[in-house]
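Quick look at query-v6.cif (mmCIF, C-alpha atoms):
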data_structure
loop_
_atom_site.label_atom_id
_atom_site.label_comp_id
_atom_site.auth_asym_id
_atom_site.auth_seq_id
_atom_site.Cartn_x
_atom_site.Cartn_y
_atom_site.Cartn_z
CA MET A 585 77.81 108.57 127.75
CA VAL A 586 77.77 110.99 124.87
CA ARG A 587 76.61 109.95 121.42
CA VAL A 588 79.62 110.15 119.11
CA GLY A 589 80.37 109.15 115.54
CA VAL A 590 82.21 110.20 112.42
CA HIS A 591 81.61 111.10 108.80
CA VAL A 592 81.42 107.78 106.94
CA SER A 593 82.15 106.90 103.30
CA ILE A 594 79.31 105.85 100.98
CA ALA A 595 81.66 104.15 98.49
CA GLY A 596 79.93 101.28 96.72
CA SER A 597 76.48 102.15 98.05
CA ILE A 598 75.09 104.51 100.64
CA ALA A 599 73.68 101.46 102.45
CA LYS A 600 77.26 100.34 103.18
CA SER A 601 77.79 103.47 105.29
CA VAL A 602 75.68 101.99 108.09
CA GLU A 603 77.85 98.85 108.28
CA ARG A 604 80.99 101.02 108.26
CA ALA A 605 79.61 103.20 111.07
CA LEU A 606 78.82 100.15 113.19
CA LYS A 607 82.22 98.59 112.54
CA ILE A 608 84.12 101.54 113.98
CA GLY A 609 81.82 101.93 116.99
CA CYS A 610 79.64 104.89 116.05
CA ASP A 611 76.51 105.85 117.99
CA THR A 612 75.60 108.40 115.30
CA PHE A 613 77.13 109.16 111.89
CA GLN A 614 77.19 111.54 108.95
CA VAL A 615 77.31 110.95 105.19
CA PHE A 616 77.25 112.70 101.86
CA SER A 617 74.39 111.30 99.81
CA ARG A 618 76.30 112.11 96.58
CA ASN A 619 79.71 113.15 95.29
CA PRO A 620 80.58 116.13 97.52
CA ARG A 621 82.82 117.80 94.93
CA GLY A 622 80.46 117.90 91.96
CA TRP A 623 77.16 119.47 90.96
CA ALA A 624 75.57 116.44 89.32
CA ALA A 625 73.90 113.79 91.47
CA LYS A 626 72.91 110.33 90.39
CA PRO A 627 69.32 109.68 91.48
CA LEU A 628 68.93 107.30 94.40
CA ALA A 629 67.55 103.96 93.22
CA VAL A 630 64.65 102.43 95.14
CA PRO A 631 66.62 99.27 96.10
CA GLU A 632 69.44 101.49 97.43
CA ILE A 633 66.97 103.55 99.48
CA ASP A 634 65.30 100.43 100.85
CA ALA A 635 68.65 98.85 101.77
CA PHE A 636 69.82 101.99 103.61
CA ARG A 637 66.55 102.36 105.49
CA ALA A 638 66.55 98.70 106.54
CA ALA A 639 70.19 98.82 107.65
CA LEU A 640 69.64 102.05 109.58
CA ALA A 641 66.53 100.74 111.34
CA ALA A 642 68.35 97.56 112.39
CA SER A 643 71.49 99.38 113.52
CA GLY A 644 70.18 101.47 116.40
CA LEU A 645 72.35 104.37 115.20
CA ALA A 646 70.73 107.77 115.66
CA PRO A 647 70.60 110.27 114.29
CA ALA A 648 71.94 109.82 110.79
CA VAL A 649 73.02 113.18 109.36
CA ASP A 650 73.38 114.19 105.72
CA HIS A 651 75.86 116.90 104.70
CA MET A 652 75.50 119.13 101.65
CA PRO A 653 78.27 118.99 99.01
CA TYR A 654 80.99 121.66 98.94
CA LEU A 655 80.22 123.53 95.70
CA PRO A 656 76.84 125.17 96.46
CA ASN A 657 77.06 128.78 97.66
CA LEU A 658 73.78 130.10 99.06
CA ALA A 659 75.28 133.58 99.55
CA SER A 660 76.65 133.95 96.03
CA PRO A 661 75.85 137.18 94.14
CA LYS A 662 76.34 135.25 90.87
CA ASP A 663 72.89 134.26 89.68
CA GLU A 664 73.89 131.04 87.91
CA VAL A 665 75.81 129.68 90.91
CA TYR A 666 73.07 130.83 93.28
CA GLU A 667 70.33 129.11 91.30
CA ARG A 668 72.28 125.86 91.07
CA SER A 669 72.94 126.07 94.81
CA VAL A 670 69.27 126.54 95.65
CA LEU A 671 68.21 123.67 93.42
CA GLY A 672 70.97 121.47 94.86
CA LEU A 673 69.84 122.13 98.41
CA ALA A 674 66.21 121.46 97.51
CA ASP A 675 67.21 118.14 95.95
CA GLU A 676 69.31 117.22 98.99
CA LEU A 677 66.35 117.64 101.33
CA VAL A 678 64.31 115.32 99.11
CA ARG A 679 67.12 112.76 99.08
CA ALA A 680 67.44 112.87 102.88
CA ASP A 681 63.70 112.41 103.29
CA ALA A 682 63.74 109.39 100.96
CA LEU A 683 66.56 107.87 103.04
CA GLY A 684 64.85 108.57 106.35
CA ILE A 685 67.62 110.97 107.47
CA PRO A 686 66.23 113.69 109.77
CA PHE A 687 68.99 116.33 109.42
CA VAL A 688 70.76 118.00 106.51
CA VAL A 689 73.75 120.23 107.35
CA THR A 690 74.59 123.09 105.01
CA HIS A 691 77.32 125.69 104.85
CA LEU A 692 75.97 129.19 104.22
CA GLY A 693 78.58 130.25 101.69
CA HIS A 694 80.55 133.36 100.74
CA HIS A 695 79.32 136.72 99.51
CA LEU A 696 82.40 137.18 97.24
CA GLY A 697 82.82 140.85 98.18
CA ALA A 698 79.17 141.87 97.84
CA GLY A 699 79.00 142.41 101.60
CA SER A 700 77.63 140.51 104.58
CA GLU A 701 74.20 142.15 104.38
CA VAL A 702 73.78 141.10 100.75
CA GLY A 703 75.09 137.62 101.47
CA GLU A 704 72.77 137.07 104.41
CA ALA A 705 69.79 138.31 102.37
CA ARG A 706 70.64 135.82 99.62
CA VAL A 707 70.84 133.00 102.17
CA ILE A 708 67.51 133.97 103.75
CA ALA A 709 65.78 134.02 100.36
CA ALA A 710 67.30 130.64 99.45
CA LEU A 711 66.26 128.99 102.72
CA ASP A 712 62.70 130.27 102.54
CA ARG A 713 62.36 129.13 98.94
CA VAL A 714 63.79 125.67 99.59
CA VAL A 715 62.19 124.82 102.92
CA ALA A 716 58.72 125.91 101.83
CA ALA A 717 58.74 123.12 99.24
CA ALA A 718 60.73 120.56 101.26
CA PRO A 719 59.42 117.35 102.82
CA PRO A 720 58.31 118.04 106.42
CA GLY A 721 60.36 115.27 108.01
CA VAL A 722 63.77 116.88 107.45
CA THR A 723 65.32 119.70 109.49
CA LEU A 724 67.89 121.89 107.76
CA LEU A 725 70.89 122.74 109.99
CA LEU A 726 72.94 125.90 109.40
CA GLU A 727 76.64 125.32 110.11
CA ASN A 728 78.87 128.11 111.39
CA THR A 729 81.87 128.92 109.21
CA ALA A 730 85.52 129.49 110.18
CA GLY A 731 85.92 133.20 109.52
CA GLU A 732 87.29 132.86 105.99
CA LYS A 733 87.31 135.97 103.80
CA ASN A 734 83.79 136.94 102.67
CA SER A 735 82.18 134.08 104.60
CA VAL A 736 78.60 134.25 105.87
CA GLY A 737 77.71 132.71 109.24
CA SER A 738 81.12 132.84 110.93
CA ASP A 739 79.83 134.69 113.96
CA PHE A 740 76.78 133.66 115.96
CA ALA A 741 75.09 137.02 115.38
CA SER A 742 75.13 136.40 111.61
CA ILE A 743 73.41 133.04 112.03
CA ALA A 744 70.90 134.65 114.39
CA ARG A 745 70.05 137.34 111.81
CA ILE A 746 69.47 134.64 109.19
CA LEU A 747 67.22 132.62 111.50
CA GLU A 748 65.26 135.71 112.46
CA GLY A 749 64.91 136.79 108.83
CA CYS A 750 63.54 133.45 107.60
CA ASP A 751 59.81 132.76 107.41
CA CYS A 752 60.79 129.06 107.67
CA SER A 753 62.84 129.40 110.88
CA GLY A 754 60.66 126.83 112.67
CA ARG A 755 62.10 124.17 110.36
CA LEU A 756 65.70 125.24 110.76
CA GLY A 757 68.33 124.36 113.32
CA VAL A 758 72.05 124.87 113.89
CA CYS A 759 75.12 122.64 113.66
CA LEU A 760 78.00 123.98 115.78
CA ASP A 761 81.45 123.16 114.38
CA THR A 762 84.15 123.53 117.05
CA CYS A 763 87.02 123.96 114.56
CA HIS A 764 85.09 126.63 112.68
CA ALA A 765 84.11 128.47 115.84
CA PHE A 766 87.75 128.48 117.00
CA GLY A 767 88.96 129.71 113.62
CA ALA A 768 86.39 132.51 113.78
CA GLY A 769 87.73 133.67 117.13
CA TYR A 770 85.65 131.81 119.74
CA ASP A 771 88.06 130.45 122.35
CA LEU A 772 87.42 126.82 123.34
CA ARG A 773 90.78 125.98 124.97
CA ASN A 774 89.83 126.40 128.63
CA ARG A 775 86.90 126.78 131.01
CA ASP A 776 86.66 130.55 130.75
CA GLY A 777 86.79 130.43 126.95
CA VAL A 778 84.15 127.71 126.70
CA GLU A 779 81.84 129.52 129.10
CA GLU A 780 82.21 132.79 127.18
CA THR A 781 81.65 131.07 123.83
CA LEU A 782 78.58 129.15 124.95
CA ALA A 783 77.14 132.27 126.59
CA ALA A 784 77.59 134.10 123.27
CA PHE A 785 75.82 131.25 121.46
CA GLU A 786 72.92 131.27 123.93
CA ASP A 787 72.56 135.06 123.75
CA ALA A 788 72.61 135.20 119.96
CA ILE A 789 70.96 131.95 118.84
CA GLY A 790 69.76 129.91 121.83
CA PHE A 791 70.49 126.26 122.56
CA ASP A 792 66.96 125.28 121.58
CA HIS A 793 68.17 125.63 117.96
CA LEU A 794 71.27 123.46 118.37
CA ARG A 795 70.87 119.90 117.03
CA VAL A 796 74.35 118.57 116.15
CA VAL A 797 77.96 119.31 117.15
CA HIS A 798 80.80 118.79 114.69
CA CYS A 799 83.55 117.74 117.08
CA ASN A 800 86.77 118.81 115.34
CA ASP A 801 90.05 120.15 116.67
CA SER A 802 91.83 122.86 114.68
CA LYS A 803 95.16 122.99 112.86
CA GLY A 804 94.82 126.77 112.79
CA GLU A 805 95.23 129.07 115.77
CA LEU A 806 92.48 131.05 117.48
CA GLY A 807 90.95 133.56 115.06
CA SER A 808 93.06 132.35 112.14
CA GLY A 809 90.11 132.02 109.77
CA LEU A 810 91.38 128.57 108.80
CA ASP A 811 89.02 125.64 108.19
CA ARG A 812 91.56 122.87 108.77
CA HIS A 813 90.38 120.02 110.96
CA GLU A 814 92.65 118.10 113.33
CA HIS A 815 92.25 114.98 115.48
CA VAL A 816 90.38 115.65 118.72
CA GLY A 817 92.85 116.87 121.34
CA LEU A 818 95.85 117.07 118.98
CA GLY A 819 95.17 120.57 117.65
CA ALA A 820 95.10 124.12 118.96
CA ILE A 821 91.92 123.54 121.01
CA GLY A 822 93.47 120.60 122.86
CA GLU A 823 92.22 117.88 125.17
CA GLU A 824 91.27 120.18 128.03
CA GLY A 825 88.98 122.25 125.83
CA PHE A 826 87.15 119.19 124.57
CA ARG A 827 86.92 117.68 128.06
CA ILE A 828 85.15 120.84 129.24
CA LEU A 829 82.89 120.98 126.17
CA LEU A 830 81.88 117.34 126.51
CA HIS A 831 80.78 117.88 130.11
CA ARG A 832 78.68 120.95 129.44
CA PRO A 833 74.98 120.17 130.10
CA GLU A 834 73.93 122.32 127.11
CA LEU A 835 75.82 119.98 124.77
CA ARG A 836 76.14 116.62 126.45
CA ASP A 837 72.91 115.10 125.12
CA LEU A 838 73.57 116.16 121.52
CA PRO A 839 75.16 113.97 118.82
CA PHE A 840 78.90 114.69 118.38
CA ILE A 841 80.25 113.93 114.90
CA CYS A 842 83.97 114.00 114.13
CA GLU A 843 85.07 115.15 110.67
CA THR A 844 88.70 114.42 111.40
CA PRO A 845 91.65 113.17 109.31
CA GLU A 846 92.56 109.52 108.83
CA ASP A 847 96.33 109.11 109.03
CA ASP A 848 99.06 107.16 110.79
CA ARG A 849 98.35 108.97 114.06
CA ARG A 850 94.67 108.12 114.41
CA ASP A 851 91.59 106.97 112.47
CA GLY A 852 87.87 107.44 112.97
CA ALA A 853 87.63 104.77 115.64
CA GLY A 854 90.51 106.44 117.45
CA ASN A 855 88.74 109.79 117.51
CA ILE A 856 85.55 108.15 118.78
CA ALA A 857 87.58 106.53 121.56
CA LYS A 858 89.24 109.85 122.44
CA VAL A 859 85.89 111.64 122.66
CA ARG A 860 84.52 108.93 124.93
CA GLU A 861 87.65 109.08 127.09
CA LEU A 862 87.36 112.86 127.50
CA ALA A 863 83.61 112.64 128.16
CA ALA A 864 83.93 109.89 130.79
#
Serialized structure, structure tokens:
Amino acid sequence: MVRVGVHVSIAGSIAKSVERALKIGCDTFQVFSRNPRGWAAKPLAVPEIDAFRAALAASGLAPAVDHMPYLPNLASPKDEVYERSVLGLADELVRADALGIPFVVTHLGHHLGAGSEVGEARVIAALDRVVAAAPPGVTLLLENTAGEKNSVGSDFASIARILEGCDCSGRLGVCLDTCHAFGAGYDLRNRDGVEETLAAFEDAIGFDHLRVVHCNDSKGELGSGLDRHEHVGLGAIGEEGFRILLHRPELRDLPFICETPEDDRRDGAGNIAKVRELAA
């Protein structure tokens, strides 16, 4: 069986996320370690760290994944935003290490019209600066983006250039988001599309860099540039696309994490069940 989970709330205490993940049947799970929509972060208290570590060790869930907040922009040409983004990422790696979380996922950001070459150079400089000073037990995962205007990392070649340009590439990995890939123009709806997409990933990046899959269907159509997640199988990718993806040997042993809506159609447990059904 595949390892599947969802993004879990940390309301009340980050330690409560482990109990929530277990309650809905996760094998793996993802959290924000802080408010994802703000710059400021309350320091993690030692009792909170100890409680999370103890709960995680007892749970058998693996891996836990930490996701960066939304505001940082590692590709920004604006110096103030860029500096805050770099410092925020550096702090997040320290927080993940304290919590015993092995992976931090980060978006690469938007160049705001400065151009892809400038944006990628800013990202490379940020990653080298941050990872050089980061705790050694945490791997930073670069997440592909959905092809939005001025985005960096929407195509696999862009991520490959960033990995190749970094002195710290040995401590980096990749998180593949299916909704984002589809929005950026990579077809995942059928066998031919999946084979072509995975071949493009292998040629540009290589599966030895892939650590986590964000298992999200898409409300937007192929190549729409929309980052709008849908329940697995209920969006434009559809059940057949996910069934094929979940049986691919390059992906099957990786953790699949759903970042899907919670509404009257389905909740997190329902998406976990659907992934397991399609993978069976």
Calculate how many Å separate atom CA of A:Ser601 from atom CA of A:Gly622, rounding to one decimal.
-> 19.8 Å
Pick out the residues sitting within 10 Å of stretch 845-849 of chain A, and hand them over as a list of chain:residue names; count all atoms listed in the file, and ignore anything fewer than 5 positions along from it in its own chain.
-> A:Asn800, A:Arg812, A:His813, A:Glu814, A:His815, A:Val816, A:Leu818, A:Gly854, A:Asn855
Within 10 Å of stretch 756-780 of chain A, which residues of stretch 826-848 of chain A come that close, and what is the closest atom pair and distance in Å for each? Count all atoms listed in the file and give it as CSV.
residue,atom,partner,partner_atom,distance
A:Phe826,CA,A:Arg773,CA,7.7
A:Arg827,CA,A:Asn774,CA,9.2
A:Ile828,CA,A:Arg775,CA,6.4
A:Leu829,CA,A:Val778,CA,6.9
A:Arg832,CA,A:Val778,CA,9.1
A:Phe840,CA,A:Leu760,CA,9.7
A:Ile841,CA,A:Asp761,CA,9.3
A:Cys842,CA,A:Asp761,CA,9.5
A:Glu843,CA,A:Asp761,CA,9.5
Shell of 10 Å around A:Ser753, all atoms listed in the file, local chain residues under 6 positions omitted, as a list in words | Ile708, Leu711, Asp712, Val715, Leu724, Ile746, Leu747 and His793 of chain A
Interatomic distance between atom CA of A:Arg706 and atom CA of A:Gln614?
->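 Computed distance, atom CA of A:Arg706 to atom CA of A:Gln614, equals 26.8 Å.
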Residue nearest A:Val796 among A:Arg587, A:Arg637, A:Arg745, A:His695 (counting all atoms listed in the file) | A:Arg587
Just say which residues the PyMOL selection byres ((chain A and resi 613) around 6) picks in this file, as a PyMOL selection string.
-> chain A and resi 589-591+612+614+648
Determine the residue membership of the PyMOL selection byres ((chain A and resi 716) around 12) for the file above and supply it as a ChimeraX atom specification.
-> /A:674,677,709-715,717-720,722-724,750-756
Min atom-atom distance to A:Val602 from the set A:Met585, A:Gly749, A:Phe636, A:Val649, counting only C-alpha atoms, belongs to A:Phe636
From the list A:Asp837, A:Glu786, A:Asp663, A:Asp801, which residue is nearest A:Ile821 when using only C-alpha atoms?
-> A:Asp801
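Proximity of A:Val588, A:Lys662, A:His651, A:Ile633 to A:Ile608, computed with all atoms listed in the file, is greatest for A:Val588.
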Take atom CA of A:Arg621 and atom CA of A:Asn657 and report the distance between them in Å, one decimal.
-> 12.7 Å
Give as a JSON list (two decimals) with C-alpha atoms, in the frame of the given file the residues that the PyMOL selection byres ((chain A and resi 739) around 9) matches when applied to the coordinates above.
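Generated output (part.json):
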[["chain", "number", "residue", "atom", "x", "y", "z"],
["A", 728, "ASN", "CA", 78.87, 128.11, 111.39],
["A", 729, "THR", "CA", 81.87, 128.92, 109.21],
["A", 730, "ALA", "CA", 85.52, 129.49, 110.18],
["A", 731, "GLY", "CA", 85.92, 133.20, 109.52],
["A", 736, "VAL", "CA", 78.60, 134.25, 105.87],
["A", 737, "GLY", "CA", 77.71, 132.71, 109.24],
["A", 738, "SER", "CA", 81.12, 132.84, 110.93],
["A", 740, "PHE", "CA", 76.78, 133.66, 115.96],
["A", 741, "ALA", "CA", 75.09, 137.02, 115.38],
["A", 742, "SER", "CA", 75.13, 136.40, 111.61],
["A", 743, "ILE", "CA", 73.41, 133.04, 112.03],
["A", 744, "ALA", "CA", 70.90, 134.65, 114.39],
["A", 765, "ALA", "CA", 84.11, 128.47, 115.84],
["A", 768, "ALA", "CA", 86.39, 132.51, 113.78],
["A", 769, "GLY", "CA", 87.73, 133.67, 117.13],
["A", 770, "TYR", "CA", 85.65, 131.81, 119.74]]
With distances taken over only C-alpha atoms, which of A:Pro653, A:Pro631, A:Val592, A:Ala682 is nearest to A:Asn619?
->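 Nearest to A:Asn619: A:Pro653.
Ranking A:Val797, A:Leu645, A:Val630, A:Leu862 by their shortest atom-to-atom distance to A:Gly609, with only C-alpha atoms included, puts A:Leu645 first.
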Taking (75.1, 127.6, 91.3) in the file's coordinates, which residues come within 10 Å, counting only C-alpha atoms, written as a PyMOL selection string?
-> chain A and resi 623+655-658+660+662-672
Write out the residues from the selection above, keeping C-alpha atoms, as a compact mmCIF listing (two decimals), in the frame of the given file.
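In the end it all went to out.txt:
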# COMPACT_ATOMS: atom_id res chain seq x y z
CA TRP A 623 77.16 119.47 90.96
CA LEU A 655 80.22 123.53 95.70
CA PRO A 656 76.84 125.17 96.46
CA ASN A 657 77.06 128.78 97.66
CA LEU A 658 73.78 130.10 99.06
CA SER A 660 76.65 133.95 96.03
CA LYS A 662 76.34 135.25 90.87
CA ASP A 663 72.89 134.26 89.68
CA GLU A 664 73.89 131.04 87.91
CA VAL A 665 75.81 129.68 90.91
CA TYR A 666 73.07 130.83 93.28
CA GLU A 667 70.33 129.11 91.30
CA ARG A 668 72.28 125.86 91.07
CA SER A 669 72.94 126.07 94.81
CA VAL A 670 69.27 126.54 95.65
CA LEU A 671 68.21 123.67 93.42
CA GLY A 672 70.97 121.47 94.86
